[in-house]
file run21.txt (compact mmCIF, C-alpha atoms)
# COMPACT_ATOMS: atom_id res chain seq x y z
CA MET A 1 0.00 0.00 0.00
CA THR A 2 2.91 2.41 0.40
CA THR A 3 2.92 5.40 -1.89
CA LEU A 4 6.61 4.81 -2.57
CA PRO A 5 7.07 3.18 -5.99
CA ASP A 6 9.03 -0.06 -6.30
CA ARG A 7 9.32 -0.54 -2.54
CA PRO A 8 7.95 -4.06 -1.91
CA ASN A 9 10.00 -4.78 1.24
CA ALA A 10 9.64 -4.25 4.98
CA ALA A 11 12.33 -3.34 7.50
CA LEU A 12 12.56 -3.41 11.28
CA LEU A 13 13.70 -0.15 12.91
CA VAL A 14 15.28 -0.34 16.36
CA ILE A 15 15.39 3.22 17.64
CA ASP A 16 17.62 4.51 20.46
CA VAL A 17 17.70 1.48 22.76
CA GLN A 18 20.79 2.96 24.35
CA ASN A 19 21.98 2.65 27.95
CA GLY A 20 21.31 6.30 28.79
CA VAL A 21 17.94 6.35 27.04
CA VAL A 22 16.35 3.27 28.62
CA ALA A 23 18.10 3.18 32.01
CA GLY A 24 14.93 4.37 33.78
CA ALA A 25 12.42 3.35 31.14
CA HIS A 26 9.04 1.83 31.92
CA ASN A 27 9.14 -2.01 31.67
CA ARG A 28 12.68 -1.80 30.30
CA ASP A 29 13.52 -5.51 30.42
CA ARG A 30 10.21 -6.68 28.93
CA VAL A 31 10.41 -4.16 26.10
CA ILE A 32 14.00 -5.15 25.29
CA ALA A 33 12.99 -8.82 25.32
CA ASN A 34 10.20 -7.99 22.85
CA ILE A 35 12.65 -6.19 20.59
CA ASP A 36 14.13 -9.62 20.06
CA LEU A 37 12.00 -9.32 16.93
CA VAL A 38 15.47 -8.66 15.56
CA GLU A 39 16.03 -12.42 15.48
CA LYS A 40 12.74 -13.02 13.65
CA ALA A 41 13.61 -10.35 11.09
CA ARG A 42 17.08 -11.79 10.56
CA HIS A 43 15.65 -15.29 10.17
CA GLU A 44 13.19 -14.02 7.55
CA GLY A 45 15.82 -11.99 5.68
CA VAL A 46 14.19 -8.69 6.62
CA PRO A 47 16.56 -5.72 6.97
CA VAL A 48 17.17 -4.58 10.55
CA VAL A 49 18.11 -0.92 10.80
CA TRP A 50 19.56 0.41 14.05
CA VAL A 51 19.17 4.07 14.96
CA GLN A 52 21.42 5.72 17.55
CA HIS A 53 20.92 9.20 18.99
CA SER A 54 23.64 11.55 20.16
CA ASP A 55 23.42 14.96 21.80
CA GLU A 56 24.87 16.78 24.83
CA GLN A 57 23.54 14.12 27.22
CA LEU A 58 24.42 11.20 24.92
CA GLN A 59 27.97 11.92 23.85
CA ARG A 60 29.22 9.65 21.04
CA GLY A 61 31.43 6.93 22.45
CA SER A 62 30.17 7.28 26.03
CA GLU A 63 28.68 4.36 27.95
CA SER A 64 25.25 6.02 28.00
CA TRP A 65 25.39 6.40 24.18
CA ARG A 66 26.06 2.69 23.58
CA TYR A 67 23.31 0.22 22.74
CA VAL A 68 22.13 -1.92 25.66
CA PRO A 69 24.14 -5.13 26.03
CA GLU A 70 21.05 -7.29 25.41
CA LEU A 71 20.83 -6.04 21.81
CA ARG A 72 23.71 -6.11 19.38
CA PRO A 73 23.66 -5.02 15.76
CA ASP A 74 25.15 -7.49 13.32
CA ASP A 75 28.14 -6.03 11.48
CA ALA A 76 26.21 -6.23 8.20
CA GLU A 77 23.22 -4.28 9.56
CA PRO A 78 23.14 -0.53 9.02
CA LEU A 79 23.48 1.87 11.93
CA VAL A 80 22.00 5.33 11.44
CA HIS A 81 23.37 8.12 13.62
CA LYS A 82 20.96 10.94 14.39
CA SER A 83 20.74 14.07 16.47
CA PHE A 84 17.04 14.92 16.01
CA GLY A 85 13.89 13.09 17.11
CA ASP A 86 12.84 12.03 13.62
CA SER A 87 15.20 9.27 12.48
CA PHE A 88 14.94 10.60 8.91
CA GLU A 89 15.96 14.17 9.74
CA ASP A 90 19.48 14.95 8.53
CA THR A 91 20.41 11.25 8.24
CA GLU A 92 20.95 8.71 5.48
CA LEU A 93 17.92 6.63 6.54
CA GLU A 94 15.80 7.40 3.47
CA GLU A 95 18.60 6.51 1.05
CA LEU A 96 19.38 3.34 2.98
CA LEU A 97 15.73 2.19 2.88
CA ALA A 98 15.33 3.12 -0.78
CA SER A 99 18.39 1.07 -1.73
CA ARG A 100 16.76 -1.95 -0.05
CA GLY A 101 13.35 -1.40 -1.64
CA VAL A 102 11.69 -0.76 1.73
CA GLY A 103 8.21 0.77 1.76
CA ARG A 104 6.96 -0.59 5.09
CA LEU A 105 8.53 -0.01 8.50
CA VAL A 106 8.02 -1.95 11.72
CA VAL A 107 9.04 0.36 14.58
CA THR A 108 10.43 -0.46 18.04
CA GLY A 109 12.54 1.40 20.61
CA ALA A 110 12.56 4.50 22.79
CA GLN A 111 11.41 7.13 23.78
CA THR A 112 7.73 6.75 22.96
CA ASP A 113 6.87 10.43 23.36
CA ALA A 114 9.91 11.74 21.50
CA CYS A 115 11.91 9.79 18.92
CA ILE A 116 9.32 7.04 18.39
CA ARG A 117 6.47 9.48 17.69
CA SER A 118 8.69 11.74 15.57
CA THR A 119 9.89 8.82 13.46
CA LEU A 120 6.39 7.35 13.08
CA HIS A 121 5.09 10.62 11.72
CA GLY A 122 8.24 11.32 9.72
CA ALA A 123 7.99 7.97 7.95
CA PHE A 124 4.26 8.27 7.37
CA VAL A 125 4.41 11.70 5.73
CA ARG A 126 7.28 10.46 3.54
CA GLY A 127 4.99 7.74 2.13
CA TYR A 128 5.81 4.67 4.24
CA ASP A 129 3.35 2.24 5.73
CA VAL A 130 4.30 2.19 9.41
CA THR A 131 3.52 -0.45 12.02
CA LEU A 132 4.28 0.31 15.67
CA VAL A 133 5.01 -2.69 17.87
CA GLY A 134 2.87 -1.74 20.86
CA ASP A 135 4.74 -3.75 23.48
CA ALA A 136 8.23 -3.03 22.10
CA HIS A 137 8.57 0.71 22.78
CA THR A 138 8.97 2.59 26.03
CA THR A 139 9.67 5.90 27.70
CA GLU A 140 10.85 7.26 31.01
CA ASP A 141 8.69 8.82 33.73
CA LEU A 142 8.36 12.54 33.04
CA THR A 143 5.42 13.19 35.39
CA GLU A 144 7.48 15.72 37.36
CA TYR A 145 7.38 17.88 34.21
CA GLY A 146 3.61 17.51 33.79
CA ALA A 147 3.56 14.53 31.44
CA PRO A 148 1.21 11.60 32.01
CA PRO A 149 2.71 8.44 33.57
CA PRO A 150 4.72 6.33 31.09
CA GLU A 151 2.12 3.57 30.83
CA GLN A 152 -0.45 6.19 29.73
CA VAL A 153 1.94 7.75 27.20
CA ILE A 154 2.58 4.30 25.72
CA ALA A 155 -1.11 3.33 25.72
CA HIS A 156 -2.15 6.60 24.09
CA THR A 157 0.48 6.28 21.36
CA ASN A 158 -0.60 2.69 20.68
CA LEU A 159 -4.24 3.79 20.53
CA TYR A 160 -3.90 6.70 18.15
CA TRP A 161 -1.37 5.01 15.88
CA GLN A 162 -3.65 1.99 15.54
CA TRP A 163 -6.03 4.12 13.46
CA GLN A 164 -3.56 6.05 11.27
CA SER A 165 -4.37 6.15 7.59
CA ALA A 166 -3.91 8.42 4.61
CA PRO A 167 -4.32 7.99 0.86
CA GLY A 168 -2.16 5.06 -0.18
CA ARG A 169 -0.61 4.51 3.26
CA SER A 170 -1.51 2.87 6.52
CA GLY A 171 -0.36 2.85 10.08
CA GLY A 172 -1.17 0.34 12.75
CA THR A 173 -0.24 -1.04 16.13
CA VAL A 174 0.35 -4.71 16.91
CA ASP A 175 1.92 -6.67 19.75
CA THR A 176 5.17 -8.55 19.25
CA ALA A 177 3.41 -11.90 18.86
CA GLU A 178 1.34 -10.49 15.95
CA VAL A 179 4.19 -8.99 13.93
CA SER A 180 4.39 -10.05 10.32
CA PHE A 181 6.99 -8.62 7.98
CA ALA A 182 4.88 -9.39 4.90
CA VAL A 183 4.31 -6.11 3.07
CA ASP A 184 0.73 -6.91 2.15
CA ASP A 185 -0.08 -7.68 5.81
CA ALA A 186 -0.83 -4.74 8.10
CA ARG A 187 0.70 -6.65 11.00
call {"tool": "encode", "arguments": {"input": "run21.txt", "output": "C-alpha cells"}}
result
Amino acid sequence: MTTLPDRPNAALLVIDVQNGVVAGAHNRDRVIANIDLVEKARHEGVPVVWVQHSDEQLQRGSESWRYVPELRPDDAEPLVHKSFGDSFEDTELEELLASRGVGRLVVTGAQTDACIRSTLHGAFVRGYDVTLVGDAHTTEDLTEYGAPPPEQVIAHTNLYWQWQSAPGRSGGTVDTAEVSFAVDDAR
C-alpha cells in the first residue's frame, strides 16, 4: 500500500535502545525482550536498521550512548546516527531504505513520546506504511514535568497510531506476537 514506488519490502527499525535512554524506562527488560523481533527479522531476511541518537547528554562513544548489552547489531546491519527526534531528519535513513526497496517499516525502541512518535510521523508523511510494535517501545517517567505516567503515554500512542491512515498509506499497532513482515499484511 505504500505510496513509494518499487518498494515491496519491509524493514525493522530499532530506535535509540541505548543505555542512557532506557536506564529508567518503563518495563525496560520486557520491552527489550520484545525487541528480540530482531532475530525473527534476521531469520526471515528482513533488513534490521539500528538508529542511535547523540546529543549533549548522549555523547558519542560514552557508555550512556552505547546500545544496551542485550541487543547487538550485526556487522552487516546498518546503523543510522541521528541528532534529532525524527530518524529521517538529517540522516541517510531514506537513502538506505530506498536502496533496499523498503516501503513498510516496523518500529520499536525509545522514547515513545519523543523519537518514536517523531519517526512514526516522519515515515508516514514520507509515504511509508508504518507499524508500531505496541509492546516493544517505552519511555521514562516525566510526570514531574507535567507529562502523564509512562504507561499512559505508551497506551495513548498505541491507541492513536492503531487508526492512522492516509491515501495510499496505513499505520497500525500490533503486539510482538502479531508482527508479520509481509508487506501486504498490516501486521
call {"tool": "residues_near_point", "arguments": {"input": "run21.txt", "point": "(-2.2, 1.4, 23.7)", "cutoff": "12 Å", "atoms": "all atoms listed in the file", "output": "list in words"}}
result
Thr112, Leu132, Val133, Gly134, Asp135, Ala136, His137, Thr138, Pro150, Glu151, Gln152, Val153, Ile154, Ala155, His156, Thr157, Asn158, Leu159, Tyr160, Trp161, Gln162, Trp163, Gly172, Thr173, Val174 and Asp175 of chain A
call {"tool": "residues_around", "arguments": {"input": "run21.txt", "residues": "Ala123 of chain A", "least_positions_apart": "5", "cutoff": "12 Å", "atoms": "all atoms listed in the file", "output": "PyMOL selection string"}}
result
chain A and resi 2-4+13+86-89+93-94+97+102-107+115-118+128-132+169-171
call {"tool": "residues_around", "arguments": {"input": "run21.txt", "residues": "Asp75 of chain A", "least_positions_apart": "6", "cutoff": "12 Å", "atoms": "only C-alpha atoms", "output": "PyMOL selection string"}}
result
chain A and resi 48-50
call {"tool": "residues_around", "arguments": {"input": "run21.txt", "residues": "Ser62 of chain A", "least_positions_apart": "6", "cutoff": "12 Å", "atoms": "all atoms listed in the file", "output": "PyMOL selection string"}}
result
chain A and resi 18-20+53-56
call {"tool": "atom_distance", "arguments": {"input": "run21.txt", "atom1": "atom CA of Val38 of chain A", "atom2": "atom CA of Leu58 of chain A"}}
result
23.7 Å
call {"tool": "closest_residue", "arguments": {"input": "run21.txt", "among": "A:Gly127, A:Pro148, A:Pro69, A:Pro167", "to": "Ala33 of chain A", "atoms": "only C-alpha atoms"}}
result
A:Pro69
call {"tool": "atom_distance", "arguments": {"input": "run21.txt", "atom1": "atom CA of Glu77 of chain A", "atom2": "atom CA of Pro47 of chain A"}}
result
7.3 Å
call {"tool": "atom_distance", "arguments": {"input": "run21.txt", "atom1": "atom CA of His43 of chain A", "atom2": "atom CA of Leu79 of chain A"}}
result
18.9 Å
call {"tool": "closest_residue", "arguments": {"input": "run21.txt", "among": "A:Ser99, A:Gln111, A:Asn27, A:Asn34", "to": "Pro8 of chain A", "atoms": "all atoms listed in the file"}}
result
A:Ser99
call {"tool": "closest_residue", "arguments": {"input": "run21.txt", "among": "A:Val31, A:Lys82, A:Ile15, A:Val125", "to": "Glu70 of chain A", "atoms": "only C-alpha atoms"}}
result
A:Val31
call {"tool": "closest_residue", "arguments": {"input": "run21.txt", "among": "A:Ala114, A:Ala182, A:Val14, A:Pro5", "to": "Glu140 of chain A", "atoms": "all atoms listed in the file"}}
result
A:Ala114
call {"tool": "closest_residue", "arguments": {"input": "run21.txt", "among": "A:Arg66, A:Arg30, A:Lys40, A:His81", "to": "Glu178 of chain A", "atoms": "all atoms listed in the file"}}
result
A:Lys40
call {"tool": "closest_residue", "arguments": {"input": "run21.txt", "among": "A:Asn9, A:Ser64, A:Gln164, A:Thr108", "to": "Gly45 of chain A", "atoms": "all atoms listed in the file"}}
result
A:Asn9
call {"tool": "residues_around", "arguments": {"input": "run21.txt", "residues": "Leu37 of chain A", "least_positions_apart": "4", "cutoff": "9 Å", "atoms": "all atoms listed in the file", "output": "MDAnalysis selection string"}}
result
chainID A and resid 12 33 41:42 136 176 179
call {"tool": "decode", "arguments": {"input": "run21.txt", "residues": "segment 62-82 of chain A", "atoms": "N, CA, C and O atoms", "output": "compact mmCIF listing (two decimals), in the first residue's frame"}}
result
# COMPACT_ATOMS: atom_id res chain seq x y z
N SER A 62 30.37 7.43 24.59
CA SER A 62 30.17 7.28 26.03
C SER A 62 29.38 6.00 26.31
O SER A 62 28.73 5.44 25.43
N GLU A 63 29.42 5.57 27.55
CA GLU A 63 28.68 4.36 27.95
C GLU A 63 27.17 4.58 27.80
O GLU A 63 26.45 3.69 27.37
N SER A 64 26.68 5.76 28.13
CA SER A 64 25.25 6.02 28.00
C SER A 64 24.80 6.05 26.54
O SER A 64 23.65 5.75 26.24
N TRP A 65 25.69 6.35 25.61
CA TRP A 65 25.39 6.40 24.18
C TRP A 65 25.32 5.01 23.56
O TRP A 65 24.61 4.79 22.58
N ARG A 66 26.00 4.04 24.15
CA ARG A 66 26.06 2.69 23.58
C ARG A 66 24.71 1.98 23.67
O ARG A 66 23.92 2.21 24.57
N TYR A 67 24.51 1.07 22.70
CA TYR A 67 23.31 0.22 22.74
C TYR A 67 23.36 -0.68 23.96
O TYR A 67 24.44 -1.06 24.42
N VAL A 68 22.19 -1.04 24.49
CA VAL A 68 22.13 -1.92 25.66
C VAL A 68 22.80 -3.25 25.33
O VAL A 68 22.77 -3.69 24.17
N PRO A 69 23.40 -3.89 26.31
CA PRO A 69 24.14 -5.13 26.03
C PRO A 69 23.25 -6.28 25.55
O PRO A 69 23.73 -7.20 24.89
N GLU A 70 21.95 -6.22 25.84
CA GLU A 70 21.05 -7.29 25.41
C GLU A 70 20.81 -7.28 23.90
O GLU A 70 20.37 -8.28 23.34
N LEU A 71 21.07 -6.17 23.25
CA LEU A 71 20.83 -6.04 21.81
C LEU A 71 22.13 -5.64 21.11
O LEU A 71 22.75 -4.65 21.47
N ARG A 72 22.49 -6.40 20.12
CA ARG A 72 23.71 -6.11 19.38
C ARG A 72 23.46 -6.13 17.88
O ARG A 72 23.03 -7.15 17.34
N PRO A 73 23.76 -5.02 17.22
CA PRO A 73 23.66 -5.02 15.76
C PRO A 73 24.66 -6.00 15.16
O PRO A 73 25.78 -6.13 15.65
N ASP A 74 24.25 -6.67 14.11
CA ASP A 74 25.15 -7.49 13.32
C ASP A 74 26.02 -6.53 12.50
O ASP A 74 25.56 -5.46 12.11
N ASP A 75 27.25 -6.91 12.23
CA ASP A 75 28.14 -6.03 11.48
C ASP A 75 27.59 -5.64 10.11
O ASP A 75 27.92 -4.58 9.59
N ALA A 76 26.76 -6.50 9.53
CA ALA A 76 26.21 -6.23 8.20
C ALA A 76 24.97 -5.33 8.24
O ALA A 76 24.51 -4.88 7.20
N GLU A 77 24.44 -5.08 9.43
CA GLU A 77 23.22 -4.28 9.56
C GLU A 77 23.56 -2.80 9.69
O GLU A 77 24.46 -2.43 10.44
N PRO A 78 22.83 -1.95 8.97
CA PRO A 78 23.14 -0.53 9.02
C PRO A 78 22.82 0.10 10.37
O PRO A 78 21.87 -0.28 11.04
N LEU A 79 23.66 1.08 10.72
CA LEU A 79 23.48 1.87 11.93
C LEU A 79 23.38 3.33 11.51
O LEU A 79 24.31 3.86 10.90
N VAL A 80 22.25 3.95 11.81
CA VAL A 80 22.00 5.33 11.44
C VAL A 80 22.23 6.21 12.66
O VAL A 80 21.61 5.99 13.71
N HIS A 81 23.10 7.18 12.53
CA HIS A 81 23.37 8.12 13.62
C HIS A 81 22.50 9.35 13.42
O HIS A 81 22.43 9.89 12.31
N LYS A 82 21.84 9.78 14.50
CA LYS A 82 20.96 10.94 14.39
C LYS A 82 21.16 11.88 15.58
O LYS A 82 21.68 11.48 16.63
